[in-house]
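Below is protein_9.cif, which holds mmCIF, C-alpha atoms (C1' of nucleotides).
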```cif
data_structure
loop_
_atom_site.label_atom_id
_atom_site.label_comp_id
_atom_site.auth_asym_id
_atom_site.auth_seq_id
_atom_site.Cartn_x
_atom_site.Cartn_y
_atom_site.Cartn_z
CA MET T 1 56.04 109.40 74.80
CA SER T 2 54.09 107.50 77.36
CA ALA T 3 55.88 104.19 77.71
CA ASP T 4 58.69 104.45 80.24
CA PRO T 5 60.03 100.96 80.26
CA SER T 6 63.10 101.81 82.31
CA PRO T 7 63.32 98.81 84.57
CA THR T 8 65.45 100.83 86.94
CA ALA T 9 62.72 103.40 87.46
CA LEU T 10 60.12 100.71 87.91
CA ALA T 11 62.24 98.93 90.48
CA LEU T 12 62.74 102.17 92.33
CA ARG T 13 59.01 102.77 92.53
CA ALA T 14 58.38 99.17 93.46
CA ALA T 15 60.70 99.70 96.41
CA GLY T 16 58.44 102.48 97.59
CA HIS T 17 60.34 105.54 96.38
CA ARG T 18 59.06 108.45 94.40
CA LEU T 19 59.85 108.89 90.76
CA THR T 20 60.95 112.48 90.80
CA ARG T 21 62.26 114.39 87.84
CA ALA T 22 65.70 114.46 89.38
CA ARG T 23 65.81 110.70 89.80
CA LEU T 24 64.41 110.02 86.36
CA ALA T 25 67.06 112.22 84.80
CA VAL T 26 69.84 110.40 86.63
CA ILE T 27 68.40 107.03 85.70
CA GLN T 28 68.02 107.98 82.08
CA VAL T 29 71.65 109.03 81.80
CA LEU T 30 72.78 105.87 83.56
CA ASP T 31 70.71 103.71 81.27
CA GLU T 32 72.06 105.38 78.16
CA GLN T 33 75.68 104.93 79.14
CA ASP T 34 77.25 101.74 80.19
CA ALA T 35 80.70 103.01 80.78
CA GLY T 36 81.36 104.15 84.30
CA LEU T 37 80.39 107.73 85.05
CA SER T 38 81.52 109.73 88.03
CA PRO T 39 78.89 111.56 90.05
CA GLN T 40 80.14 114.82 88.53
CA GLU T 41 79.91 113.65 84.93
CA LEU T 42 76.59 112.09 85.63
CA CYS T 43 75.27 115.31 87.08
CA ALA T 44 76.52 117.34 84.14
CA ARG T 45 74.81 115.08 81.64
CA ALA T 46 71.62 114.74 83.61
CA ARG T 47 71.31 118.51 83.73
CA ALA T 48 70.66 118.42 80.00
CA ILE T 49 67.48 116.59 80.89
CA TYR T 50 66.59 118.31 84.13
CA ALA T 51 68.49 121.55 84.56
CA PRO T 52 67.97 122.31 88.25
CA LEU T 53 69.48 118.99 89.27
CA GLY T 54 71.92 119.35 92.13
CA LEU T 55 75.03 117.31 92.62
CA VAL T 56 73.89 116.40 96.09
CA THR T 57 70.83 114.74 94.66
CA VAL T 58 72.98 112.74 92.29
CA TYR T 59 74.93 111.40 95.25
CA ARG T 60 71.75 110.56 97.07
CA THR T 61 70.17 108.92 94.06
CA LEU T 62 73.27 106.87 93.38
CA SER T 63 73.49 105.59 96.90
CA LEU T 64 69.81 104.75 96.84
CA LEU T 65 70.16 102.87 93.57
CA ASP T 66 73.26 101.20 94.91
CA GLU T 67 71.41 100.02 98.00
CA LEU T 68 68.74 98.54 95.80
CA GLY T 69 71.39 96.91 93.64
CA LEU T 70 70.35 98.83 90.56
CA VAL T 71 73.73 100.35 89.83
CA ARG T 72 77.20 99.12 90.42
CA ARG T 73 80.34 100.93 91.33
CA VAL T 74 83.16 100.49 88.84
CA HIS T 75 86.57 100.40 90.41
CA SER T 76 89.11 101.43 87.87
CA GLU T 77 92.55 102.29 89.15
CA GLN T 78 92.28 105.92 88.18
CA ASP T 79 88.69 106.59 88.97
CA CYS T 80 87.42 104.51 91.78
CA HIS T 81 84.10 106.21 92.07
CA ALA T 82 82.38 105.61 88.79
CA TYR T 83 78.94 104.11 88.55
CA ALA T 84 77.41 101.99 85.85
CA PRO T 85 74.03 100.33 85.58
CA THR T 86 74.04 96.78 86.80
CA ALA T 87 74.30 94.81 83.62
CA GLY T 88 75.60 91.31 83.54
CA ASP T 89 79.13 90.60 84.57
CA ARG T 90 81.40 92.80 82.63
CA HIS T 91 85.06 92.97 83.31
CA HIS T 92 87.80 95.40 82.56
CA LEU T 93 91.10 95.09 80.83
CA LEU T 94 93.35 98.02 81.55
CA CYS T 95 96.48 98.96 79.62
CA SER T 96 99.22 100.08 81.95
CA GLY T 97 100.87 102.00 79.14
CA CYS T 98 98.12 104.19 77.75
CA HIS T 99 95.40 103.58 80.36
CA ARG T 100 92.99 102.44 77.74
CA LEU T 101 90.08 100.53 79.19
CA VAL T 102 88.64 97.60 77.28
CA GLU T 103 85.65 95.65 78.46
CA PHE T 104 85.13 91.99 77.95
CA PRO T 105 82.25 89.73 78.83
CA CYS T 106 82.43 87.27 81.66
CA GLN T 107 83.39 83.82 80.60
CA GLY T 108 85.17 80.92 82.15
CA LEU T 109 84.87 82.18 85.67
CA ASP T 110 82.01 79.98 86.76
CA ALA T 111 84.17 76.98 87.51
CA LEU T 112 86.48 79.06 89.66
CA VAL T 113 83.56 80.64 91.51
CA ALA T 114 81.97 77.26 92.11
CA SER T 115 85.22 75.89 93.43
CA VAL T 116 85.70 78.79 95.83
CA GLU T 117 82.13 78.48 97.04
CA GLU T 118 82.66 74.84 97.73
CA ARG T 119 85.89 75.34 99.60
CA THR T 120 84.82 78.33 101.68
CA GLY T 121 81.11 77.84 102.18
CA PHE T 122 80.47 81.36 100.89
CA VAL T 123 77.65 82.08 98.51
CA ILE T 124 79.22 84.26 95.84
CA THR T 125 76.94 87.00 94.62
CA ALA T 126 79.23 89.23 92.62
CA HIS T 127 82.68 89.39 91.22
CA LEU T 128 85.06 92.03 90.07
CA LEU T 129 87.77 91.06 87.66
CA GLU T 130 90.31 93.50 86.34
CA LEU T 131 93.17 92.47 84.13
CA THR T 132 96.11 94.77 83.65
CA GLY T 133 98.57 94.49 80.82
CA LEU T 134 100.04 96.14 77.79
CA CYS T 135 97.97 96.69 74.68
CA PRO T 136 99.48 95.87 71.27
CA ALA T 137 100.33 99.50 70.52
CA CYS T 138 102.13 99.97 73.83
CA GLN T 139 103.99 96.70 73.35
CA ARG T 140 105.34 98.01 70.07
CA ALA T 141 106.20 101.36 71.60
CA ARG T 142 108.03 99.70 74.45
CA ALA T 143 109.89 97.32 72.16
CA ALA T 144 111.10 100.28 70.11
CA ALA T 145 112.23 102.16 73.20
CA GLU T 146 114.16 99.27 74.74
CA PRO T 147 116.22 97.91 71.87
CA ALA T 148 117.87 94.86 73.38
CA PRO T 149 116.11 92.81 76.07
CA MET T 150 119.54 92.09 77.56
CA GLU T 151 119.26 88.39 76.81
CA MET Q 152 116.63 92.26 116.74
CA SER Q 153 118.94 92.32 113.78
CA ALA Q 154 117.23 90.22 111.16
CA ASP Q 155 114.74 92.28 109.20
CA PRO Q 156 113.64 89.88 106.53
CA SER Q 157 110.78 92.03 105.32
CA PRO Q 158 110.94 91.40 101.61
CA THR Q 159 109.05 94.60 101.04
CA ALA Q 160 111.70 96.68 102.74
CA LEU Q 161 114.45 94.89 100.88
CA ALA Q 162 112.73 95.47 97.56
CA LEU Q 163 112.33 99.11 98.41
CA ARG Q 164 116.03 99.48 99.09
CA ALA Q 165 116.92 97.47 96.03
CA ALA Q 166 114.96 100.00 94.01
CA GLY Q 167 117.22 102.70 95.34
CA HIS Q 168 115.07 104.17 98.08
CA ARG Q 169 115.98 104.84 101.66
CA LEU Q 170 114.74 102.74 104.48
CA THR Q 171 113.50 105.43 106.78
CA ARG Q 172 111.79 104.89 110.08
CA ALA Q 173 108.55 106.19 108.63
CA ARG Q 174 108.64 103.75 105.73
CA LEU Q 175 109.63 100.84 107.89
CA ALA Q 176 106.73 101.51 110.22
CA VAL Q 177 104.27 101.58 107.35
CA ILE Q 178 105.71 98.43 105.86
CA GLN Q 179 105.61 96.62 109.17
CA VAL Q 180 101.94 97.40 109.66
CA LEU Q 181 101.17 96.36 106.10
CA ASP Q 182 103.03 93.11 106.52
CA GLU Q 183 101.28 92.27 109.75
CA GLN Q 184 97.82 92.80 108.34
CA ASP Q 185 96.54 91.25 105.24
CA ALA Q 186 93.14 92.79 105.31
CA GLY Q 187 92.90 96.02 103.43
CA LEU Q 188 93.76 99.11 105.43
CA SER Q 189 92.90 102.65 104.51
CA PRO Q 190 95.68 105.23 104.64
CA GLN Q 191 94.09 106.63 107.80
CA GLU Q 192 93.94 103.33 109.61
CA LEU Q 193 97.40 102.50 108.43
CA CYS Q 194 98.74 105.76 109.75
CA ALA Q 195 97.04 105.29 113.11
CA ARG Q 196 98.53 101.85 113.55
CA ALA Q 197 101.95 102.77 112.29
CA ARG Q 198 102.11 105.57 114.81
CA ALA Q 199 102.30 102.94 117.50
CA ILE Q 200 105.64 102.03 115.98
CA TYR Q 201 106.86 105.45 114.93
CA ALA Q 202 104.92 108.20 116.62
CA PRO Q 203 105.86 111.26 114.54
CA LEU Q 204 104.61 109.63 111.36
CA GLY Q 205 102.52 111.98 109.27
CA LEU Q 206 99.58 110.99 107.17
CA VAL Q 207 101.15 112.67 104.19
CA THR Q 208 104.08 110.31 104.42
CA VAL Q 209 101.74 107.36 104.51
CA TYR Q 210 100.21 108.50 101.24
CA ARG Q 211 103.63 108.97 99.72
CA THR Q 212 104.88 105.63 100.94
CA LEU Q 213 101.82 103.85 99.67
CA SER Q 214 102.07 105.35 96.24
CA LEU Q 215 105.76 104.51 96.14
CA LEU Q 216 105.10 100.92 97.14
CA ASP Q 217 102.26 100.80 94.66
CA GLU Q 218 104.51 101.96 91.85
CA LEU Q 219 106.97 99.26 92.72
CA GLY Q 220 104.17 96.73 92.84
CA LEU Q 221 104.77 95.96 96.50
CA VAL Q 222 101.27 96.75 97.66
CA ARG Q 223 97.98 96.46 95.96
CA ARG Q 224 94.89 98.51 96.19
CA VAL Q 225 91.88 96.61 97.40
CA HIS Q 226 88.59 97.88 96.08
CA SER Q 227 86.01 96.88 98.56
CA GLU Q 228 82.59 98.37 98.18
CA GLN Q 229 82.76 100.37 101.36
CA ASP Q 230 86.32 101.46 101.31
CA CYS Q 231 87.65 101.89 97.87
CA HIS Q 232 91.08 102.95 98.92
CA ALA Q 233 92.40 100.22 101.09
CA TYR Q 234 95.83 98.75 100.59
CA ALA Q 235 97.15 95.28 101.20
CA PRO Q 236 100.60 93.85 100.67
CA THR Q 237 101.10 92.16 97.35
CA ALA Q 238 101.65 88.52 98.01
CA GLY Q 239 101.71 86.50 94.87
CA ASP Q 240 98.43 86.29 93.09
CA ARG Q 241 96.11 86.27 95.96
CA HIS Q 242 92.58 87.24 95.57
CA HIS Q 243 89.99 88.49 97.93
CA LEU Q 244 86.70 87.13 98.96
CA LEU Q 245 84.63 89.72 100.73
CA CYS Q 246 81.58 89.00 102.84
CA SER Q 247 78.88 91.57 102.22
CA GLY Q 248 77.34 90.77 105.59
CA CYS Q 249 80.18 91.09 108.06
CA HIS Q 250 82.84 92.58 105.78
CA ARG Q 251 85.22 89.83 106.58
CA LEU Q 252 88.03 89.53 104.07
CA VAL Q 253 89.24 86.08 103.11
CA GLU Q 254 92.10 85.46 100.74
CA PHE Q 255 92.40 82.61 98.36
CA PRO Q 256 95.19 81.65 96.01
CA CYS Q 257 94.99 82.15 92.30
CA GLN Q 258 93.85 79.11 90.43
CA GLY Q 259 91.96 78.41 87.28
CA LEU Q 260 92.40 81.87 85.90
CA ASP Q 261 95.19 81.06 83.49
CA ALA Q 262 92.93 79.74 80.78
CA LEU Q 263 90.77 82.83 80.96
CA VAL Q 264 93.81 85.09 80.87
CA ALA Q 265 95.28 83.24 77.93
CA SER Q 266 92.03 83.48 76.05
CA VAL Q 267 91.73 87.20 76.64
CA GLU Q 268 95.33 87.73 75.58
CA GLU Q 269 94.70 85.87 72.39
CA ARG Q 270 91.56 87.76 71.55
CA THR Q 271 92.81 91.23 72.42
CA GLY Q 272 96.54 91.08 71.70
CA PHE Q 273 97.26 92.42 75.18
CA VAL Q 274 100.02 90.97 77.31
CA ILE Q 275 98.42 90.51 80.70
CA THR Q 276 100.76 91.32 83.54
CA ALA Q 277 98.48 91.41 86.54
CA HIS Q 278 95.01 90.63 87.57
CA LEU Q 279 92.70 91.66 90.32
CA LEU Q 280 89.88 89.37 91.25
CA GLU Q 281 87.48 90.12 94.04
CA LEU Q 282 84.55 87.94 94.82
CA THR Q 283 81.74 89.21 96.99
CA GLY Q 284 79.27 87.00 98.75
CA LEU Q 285 77.89 85.89 102.05
CA CYS Q 286 79.97 83.85 104.46
CA PRO Q 287 78.44 80.81 106.16
CA ALA Q 288 77.78 82.68 109.41
CA CYS Q 289 76.00 85.52 107.64
CA GLN Q 290 73.99 83.08 105.58
CA ARG Q 291 72.70 81.54 108.78
CA ALA Q 292 72.02 84.95 110.32
CA ARG Q 293 70.12 86.03 107.26
CA ALA Q 294 68.12 82.82 107.11
CA ALA Q 295 67.09 83.32 110.72
CA ALA Q 296 66.05 86.93 110.09
CA GLU Q 297 63.96 86.16 107.03
CA PRO Q 298 61.94 83.16 108.07
CA ALA Q 299 60.16 82.18 104.87
CA PRO Q 300 61.79 82.78 101.49
CA MET Q 301 58.28 83.30 100.16
CA GLU Q 302 58.45 80.15 98.08
"C1'" DC N 303 133.64 107.15 113.35
"C1'" DC N 304 132.39 111.80 111.17
"C1'" DG N 305 130.58 114.93 107.98
"C1'" DC N 306 128.07 115.89 103.88
"C1'" DT N 307 124.26 115.84 100.55
"C1'" DA N 308 120.33 114.48 98.39
"C1'" DG N 309 116.33 111.97 99.43
"C1'" DT N 310 112.69 112.28 102.83
"C1'" DT N 311 109.76 114.06 106.21
"C1'" DG N 312 106.03 116.57 108.77
"C1'" DA N 313 103.29 120.72 109.23
"C1'" DC N 314 100.47 123.75 106.85
"C1'" DA N 315 97.93 125.38 102.97
"C1'" DC N 316 95.04 124.02 99.36
"C1'" DA N 317 91.85 121.63 96.06
"C1'" DG N 318 88.14 118.31 95.53
"C1'" DA N 319 84.92 115.16 96.82
"C1'" DT N 320 81.19 113.71 99.86
"C1'" DT N 321 77.96 114.56 103.72
"C1'" DT N 322 75.02 117.23 106.73
"C1'" DT N 323 71.63 120.74 107.54
"C1'" DC N 324 67.45 123.01 106.60
"C1'" DA N 325 63.88 125.54 104.49
"C1'" DA N 326 61.29 125.21 100.20
"C1'" DT N 327 59.22 122.14 96.78
"C1'" DT N 328 56.63 118.32 94.94
"C1'" DG N 329 54.85 113.47 94.04
"C1'" DG N 330 50.98 110.98 94.42
"C1'" DG N 331 47.43 108.85 97.62
"C1'" DG N 332 42.95 110.19 99.37
"C1'" DC B 333 42.29 119.25 94.14
"C1'" DC B 334 44.54 119.04 98.79
"C1'" DC B 335 47.71 117.67 101.94
"C1'" DC B 336 51.78 115.66 104.03
"C1'" DA B 337 55.77 113.34 104.04
"C1'" DA B 338 59.40 112.34 100.90
"C1'" DT B 339 62.59 114.80 98.34
"C1'" DT B 340 65.26 118.57 96.69
"C1'" DG B 341 68.89 122.25 96.12
"C1'" DA B 342 72.01 125.57 98.22
"C1'" DA B 343 75.34 126.60 101.57
"C1'" DA B 344 78.20 125.00 105.14
"C1'" DA B 345 80.73 121.52 107.26
"C1'" DT B 346 83.70 117.34 106.72
"C1'" DC B 347 87.00 114.36 104.83
"C1'" DT B 348 90.33 112.85 101.74
"C1'" DG B 349 94.20 113.46 99.05
"C1'" DT B 350 97.92 116.72 96.99
"C1'" DG B 351 101.43 120.59 96.66
"C1'" DT B 352 104.91 123.43 99.13
"C1'" DC B 353 108.83 124.15 101.89
"C1'" DA B 354 112.09 124.34 105.57
"C1'" DA B 355 114.08 120.96 108.68
"C1'" DC B 356 115.85 116.27 109.24
"C1'" DT B 357 118.41 112.04 108.38
"C1'" DA B 358 120.00 107.71 105.84
"C1'" DG B 359 123.80 106.15 104.08
"C1'" DC B 360 127.95 107.16 101.02
"C1'" DG B 361 132.79 108.76 101.07
"C1'" DG B 362 136.45 109.57 103.72
#
```

Conversion result in structure tokens:
Amino acid sequence: MSADPSPTALALRAAGHRLTRARLAVIQVLDEQDAGLSPQELCARARAIYAPLGLVTVYRTLSLLDELGLVRRVHSEQDCHAYAPTAGDRHHLLCSGCHRLVEFPCQGLDALVASVEERTGFVITAHLLELTGLCPACQRARAAAEPAPME
Amino acid sequence: MSADPSPTALALRAAGHRLTRARLAVIQVLDEQDAGLSPQELCARARAIYAPLGLVTVYRTLSLLDELGLVRRVHSEQDCHAYAPTAGDRHHLLCSGCHRLVEFPCQGLDALVASVEERTGFVITAHLLELTGLCPACQRARAAAEPAPME
DNA sequence: CCGCTAGTTGACACAGATTTTCAATTGGGG
DNA sequence: CCCCAATTGAAAATCTGTGTCAACTAGCGG
């Protein structure tokens, strides 16, 4: 009941900001979820922890955390304004049929990043990779709907 | 004055849509720029070509072009809703210092895509890759501003 | 070349999301 | 424990994006 090992909260305090109840509630919800949450969803869930929390404060807390690099914005096609805690390099695989979102770990991108850095002189600090395709179920559904592929 | 080789316009007509002045203006602006443009910016620029253009029409045109895969949404951190013409598999490299947008051709992603397809059973049809980093100029600027890296 | 019709358009109304404003509250150093 | 500046929440102001509808026009048929 005393240990509060949330690295996010610690980082926030280290940056000279106060650890208020509102912020702790937001951080706790963010830390528990790793799927993207919109400010609205986040606020709703955080109210279970700290009832008087206002949506405005959620926005402010998110932008503060974002500035400090403690959360990341997730850009899915449908919901562009979801936030997730900064955790490794996760990427998204989106089904264009049923809009299911699958996450997969980063792998095999290092060589590409290194090559781009070399060619452009940039120092790459982050990457966003989203693959879009058809999941197995939607492939079957589509195959059933379009009998002959015309060829 | 007669040749209008805009492949985007042709594709639009091929899909059974009318080539109206409003749409042509939007397409022309999109084709001229390859940095991401927000609907607002797009509308402002397109009005130089076709003054009565309404913002509503820009939204409609963009979503139509998006459906047909003729434009792509660029998810930059600041402006999540910018659009850029789809041109092959180009990817974006965004400088977090000066917000410059550089494009680079797709390369070295095939193996990763194939591996994800194999593991998930998805058929990947598109991919969005955005790298964020610091361009050479901003690296220099930053180095000058922060004299000693403390180490 | 002309007229017709359905696809399109622009203005306005509307719904939501995000920001600003401001007085009241509160974290945490002294 | 006190105090002050950082922070908060509510309401209002902005912005962004969507739905509605009468007027307009691209492009087909003649």

| task | Pick out the closest residue to DG351 (chain B) from this set: Q:Val207, Q:Leu193, Q:Leu279, Q:Leu175. Count only C-alpha atoms (C1' of nucleotides). | result | Q:Val207

Output chain T as a compact mmCIF listing (two decimals) with C-alpha atoms, in the frame of the given file, after least-squares fitting it to chain Q on all in-order C-alpha pairs.
```
# COMPACT_ATOMS: atom_id res chain seq x y z
CA MET T 1 119.02 92.86 115.57
CA SER T 2 121.14 93.42 112.54
CA ALA T 3 119.52 91.35 109.82
CA ASP T 4 116.78 93.32 108.10
CA PRO T 5 115.61 90.89 105.50
CA SER T 6 112.56 92.92 104.52
CA PRO T 7 112.56 92.47 100.78
CA THR T 8 110.40 95.54 100.48
CA ALA T 9 113.01 97.74 102.12
CA LEU T 10 115.75 96.23 100.01
CA ALA T 11 113.80 96.82 96.84
CA LEU T 12 113.19 100.39 97.86
CA ARG T 13 116.89 101.00 98.36
CA ALA T 14 117.73 99.19 95.16
CA ALA T 15 115.47 101.65 93.37
CA GLY T 16 117.62 104.46 94.67
CA HIS T 17 115.54 105.68 97.61
CA ARG T 18 116.62 106.29 101.14
CA LEU T 19 115.70 103.96 103.94
CA THR T 20 114.43 106.46 106.43
CA ARG T 21 112.94 105.64 109.78
CA ALA T 22 109.55 106.75 108.57
CA ARG T 23 109.63 104.44 105.57
CA LEU T 24 110.97 101.51 107.54
CA ALA T 25 108.17 101.88 110.06
CA VAL T 26 105.53 101.90 107.33
CA ILE T 27 107.11 98.91 105.63
CA GLN T 28 107.34 96.96 108.84
CA VAL T 29 103.66 97.44 109.59
CA LEU T 30 102.73 96.50 106.04
CA ASP T 31 104.84 93.38 106.18
CA GLU T 32 103.32 92.28 109.46
CA GLN T 33 99.76 92.63 108.26
CA ASP T 34 98.38 91.15 105.15
CA ALA T 35 94.89 92.41 105.47
CA GLY T 36 94.27 95.73 103.81
CA LEU T 37 95.09 98.77 105.92
CA SER T 38 93.95 102.28 105.23
CA PRO T 39 96.54 105.04 105.29
CA GLN T 40 95.09 106.19 108.62
CA GLU T 41 95.27 102.79 110.29
CA LEU T 42 98.68 102.26 108.86
CA CYS T 43 99.88 105.55 110.25
CA ALA T 44 98.45 104.82 113.67
CA ARG T 45 100.20 101.48 113.88
CA ALA T 46 103.46 102.70 112.44
CA ARG T 47 103.58 105.41 115.09
CA ALA T 48 104.13 102.67 117.64
CA ILE T 49 107.42 102.08 115.89
CA TYR T 50 108.32 105.62 114.93
CA ALA T 51 106.27 108.15 116.86
CA PRO T 52 106.86 111.34 114.88
CA LEU T 53 105.55 109.76 111.70
CA GLY T 54 103.18 112.04 109.84
CA LEU T 55 100.19 110.93 107.86
CA VAL T 56 101.47 112.82 104.87
CA THR T 57 104.56 110.68 104.83
CA VAL T 58 102.45 107.55 104.92
CA TYR T 59 100.65 108.73 101.80
CA ARG T 60 103.92 109.50 100.11
CA THR T 61 105.49 106.22 101.10
CA LEU T 62 102.48 104.27 99.93
CA SER T 63 102.42 105.91 96.55
CA LEU T 64 106.14 105.34 96.20
CA LEU T 65 105.79 101.67 97.09
CA ASP T 66 102.81 101.44 94.79
CA GLU T 67 104.81 102.87 91.90
CA LEU T 68 107.48 100.30 92.51
CA GLY T 69 104.85 97.58 92.69
CA LEU T 70 105.71 96.70 96.26
CA VAL T 71 102.24 97.18 97.67
CA ARG T 72 98.85 96.71 96.19
CA ARG T 73 95.65 98.58 96.68
CA VAL T 74 92.79 96.44 97.94
CA HIS T 75 89.43 97.46 96.59
CA SER T 76 86.77 96.31 98.95
CA GLU T 77 83.33 97.79 98.49
CA GLN T 78 83.40 99.61 101.79
CA ASP T 79 86.97 100.69 101.92
CA CYS T 80 88.42 101.29 98.55
CA HIS T 81 91.66 102.72 99.76
CA ALA T 82 93.31 99.96 101.69
CA TYR T 83 96.81 98.80 100.97
CA ALA T 84 98.37 95.40 101.40
CA PRO T 85 101.82 94.10 100.58
CA THR T 86 102.02 92.52 97.19
CA ALA T 87 101.76 88.86 97.96
CA GLY T 88 100.63 86.36 95.42
CA ASP T 89 97.18 86.56 94.00
CA ARG T 90 94.74 86.66 96.81
CA HIS T 91 91.10 87.22 96.25
CA HIS T 92 88.23 88.32 98.37
CA LEU T 93 84.90 86.82 99.16
CA LEU T 94 82.53 89.34 100.64
CA CYS T 95 79.30 88.56 102.48
CA SER T 96 76.58 90.98 101.52
CA GLY T 97 74.75 90.26 104.76
CA CYS T 98 77.35 90.81 107.45
CA HIS T 99 80.17 92.31 105.35
CA ARG T 100 82.56 89.66 106.48
CA LEU T 101 85.60 89.42 104.27
CA VAL T 102 87.13 86.03 103.56
CA GLU T 103 90.24 85.57 101.51
CA PHE T 104 90.93 82.67 99.26
CA PRO T 105 93.94 81.78 97.18
CA CYS T 106 93.96 82.11 93.44
CA GLN T 107 93.14 78.94 91.64
CA GLY T 108 91.55 78.03 88.39
CA LEU T 109 91.89 81.44 86.87
CA ASP T 110 94.89 80.74 84.69
CA ALA T 111 92.90 79.17 81.90
CA LEU T 112 90.55 82.13 81.77
CA VAL T 113 93.44 84.60 81.79
CA ALA T 114 95.21 82.71 79.03
CA SER T 115 92.07 82.67 76.95
CA VAL T 116 91.52 86.40 77.35
CA GLU T 117 95.14 87.11 76.49
CA GLU T 118 94.81 85.07 73.36
CA ARG T 119 91.61 86.72 72.25
CA THR T 120 92.59 90.31 73.01
CA GLY T 121 96.33 90.38 72.52
CA PHE T 122 96.76 91.90 75.98
CA VAL T 123 99.47 90.72 78.30
CA ILE T 124 97.72 90.29 81.63
CA THR T 125 99.83 91.34 84.58
CA ALA T 126 97.37 91.41 87.44
CA HIS T 127 93.88 90.47 88.33
CA LEU T 128 91.34 91.44 90.89
CA LEU T 129 88.62 88.99 91.72
CA GLU T 130 85.92 89.70 94.24
CA LEU T 131 83.05 87.35 94.88
CA THR T 132 79.99 88.56 96.70
CA GLY T 133 77.47 86.30 98.32
CA LEU T 134 75.83 85.24 101.53
CA CYS T 135 77.78 83.40 104.19
CA PRO T 136 76.22 80.36 105.88
CA ALA T 137 75.17 82.32 108.96
CA CYS T 138 73.44 85.01 106.91
CA GLN T 139 71.73 82.37 104.79
CA ARG T 140 70.23 80.90 107.93
CA ALA T 141 69.25 84.31 109.23
CA ARG T 142 67.58 85.19 105.96
CA ALA T 143 65.78 81.86 105.73
CA ALA T 144 64.36 82.42 109.21
CA ALA T 145 63.23 85.94 108.36
CA GLU T 146 61.49 85.02 105.11
CA PRO T 147 59.42 81.98 106.00
CA ALA T 148 57.97 80.93 102.67
CA PRO T 149 59.90 81.47 99.43
CA MET T 150 56.56 82.00 97.69
CA GLU T 151 57.00 78.90 95.57
```

Enumerate, in order of chain and increasing residue number, the residues of chain Q with an atom no farther than 8 Å from chain T, each with its shortest atom pair and distance in Å to one decimal, counting only C-alpha atoms, as JSON lines.
```
{"residue": "Q:His226", "atom": "CA", "partner": "T:His75", "partner_atom": "CA", "distance": 6.5}
{"residue": "Q:Glu228", "atom": "CA", "partner": "T:Arg73", "partner_atom": "CA", "distance": 7.7}
{"residue": "Q:Cys231", "atom": "CA", "partner": "T:Cys80", "partner_atom": "CA", "distance": 6.6}
{"residue": "Q:Cys246", "atom": "CA", "partner": "T:Phe122", "partner_atom": "CA", "distance": 8.0}
{"residue": "Q:Gln258", "atom": "CA", "partner": "T:Leu112", "partner_atom": "CA", "distance": 7.4}
{"residue": "Q:Gly259", "atom": "CA", "partner": "T:Leu112", "partner_atom": "CA", "distance": 6.0}
{"residue": "Q:Leu260", "atom": "CA", "partner": "T:Leu109", "partner_atom": "CA", "distance": 7.5}
{"residue": "Q:Ala262", "atom": "CA", "partner": "T:Gly108", "partner_atom": "CA", "distance": 8.0}
{"residue": "Q:Leu263", "atom": "CA", "partner": "T:Gly108", "partner_atom": "CA", "distance": 6.0}
{"residue": "Q:Thr271", "atom": "CA", "partner": "T:Cys135", "partner_atom": "CA", "distance": 7.8}
{"residue": "Q:Gly272", "atom": "CA", "partner": "T:Pro136", "partner_atom": "CA", "distance": 5.6}
{"residue": "Q:Phe273", "atom": "CA", "partner": "T:Cys135", "partner_atom": "CA", "distance": 4.4}
{"residue": "Q:Val274", "atom": "CA", "partner": "T:Gly133", "partner_atom": "CA", "distance": 5.2}
{"residue": "Q:Ile275", "atom": "CA", "partner": "T:Gly133", "partner_atom": "CA", "distance": 4.0}
{"residue": "Q:Thr276", "atom": "CA", "partner": "T:Gly133", "partner_atom": "CA", "distance": 4.7}
{"residue": "Q:Ala277", "atom": "CA", "partner": "T:Thr132", "partner_atom": "CA", "distance": 5.0}
{"residue": "Q:His278", "atom": "CA", "partner": "T:Leu131", "partner_atom": "CA", "distance": 4.3}
{"residue": "Q:Leu279", "atom": "CA", "partner": "T:Glu130", "partner_atom": "CA", "distance": 5.0}
{"residue": "Q:Leu280", "atom": "CA", "partner": "T:Leu129", "partner_atom": "CA", "distance": 4.5}
{"residue": "Q:Glu281", "atom": "CA", "partner": "T:Leu128", "partner_atom": "CA", "distance": 5.0}
{"residue": "Q:Leu282", "atom": "CA", "partner": "T:His127", "partner_atom": "CA", "distance": 4.3}
{"residue": "Q:Thr283", "atom": "CA", "partner": "T:Ala126", "partner_atom": "CA", "distance": 5.0}
{"residue": "Q:Gly284", "atom": "CA", "partner": "T:Ile124", "partner_atom": "CA", "distance": 4.0}
{"residue": "Q:Leu285", "atom": "CA", "partner": "T:Val123", "partner_atom": "CA", "distance": 5.2}
{"residue": "Q:Cys286", "atom": "CA", "partner": "T:Phe122", "partner_atom": "CA", "distance": 4.4}
{"residue": "Q:Pro287", "atom": "CA", "partner": "T:Gly121", "partner_atom": "CA", "distance": 5.6}
```

| said: Within 9 Å of chain N, which residues belong to chain Q? Use only C-alpha atoms (C1' of nucleotides) and report them as a PyMOL selection string. | reply: chain Q and resi 168-169+171+173+203-208

Could you write out that same residue set with C-alpha atoms as a compact mmCIF listing (two decimals), in the coordinates of the input?
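Result file is again-v4.txt:
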```txt
# COMPACT_ATOMS: atom_id res chain seq x y z
CA HIS Q 168 115.07 104.17 98.08
CA ARG Q 169 115.98 104.84 101.66
CA THR Q 171 113.50 105.43 106.78
CA ALA Q 173 108.55 106.19 108.63
CA PRO Q 203 105.86 111.26 114.54
CA LEU Q 204 104.61 109.63 111.36
CA GLY Q 205 102.52 111.98 109.27
CA LEU Q 206 99.58 110.99 107.17
CA VAL Q 207 101.15 112.67 104.19
CA THR Q 208 104.08 110.31 104.42
```
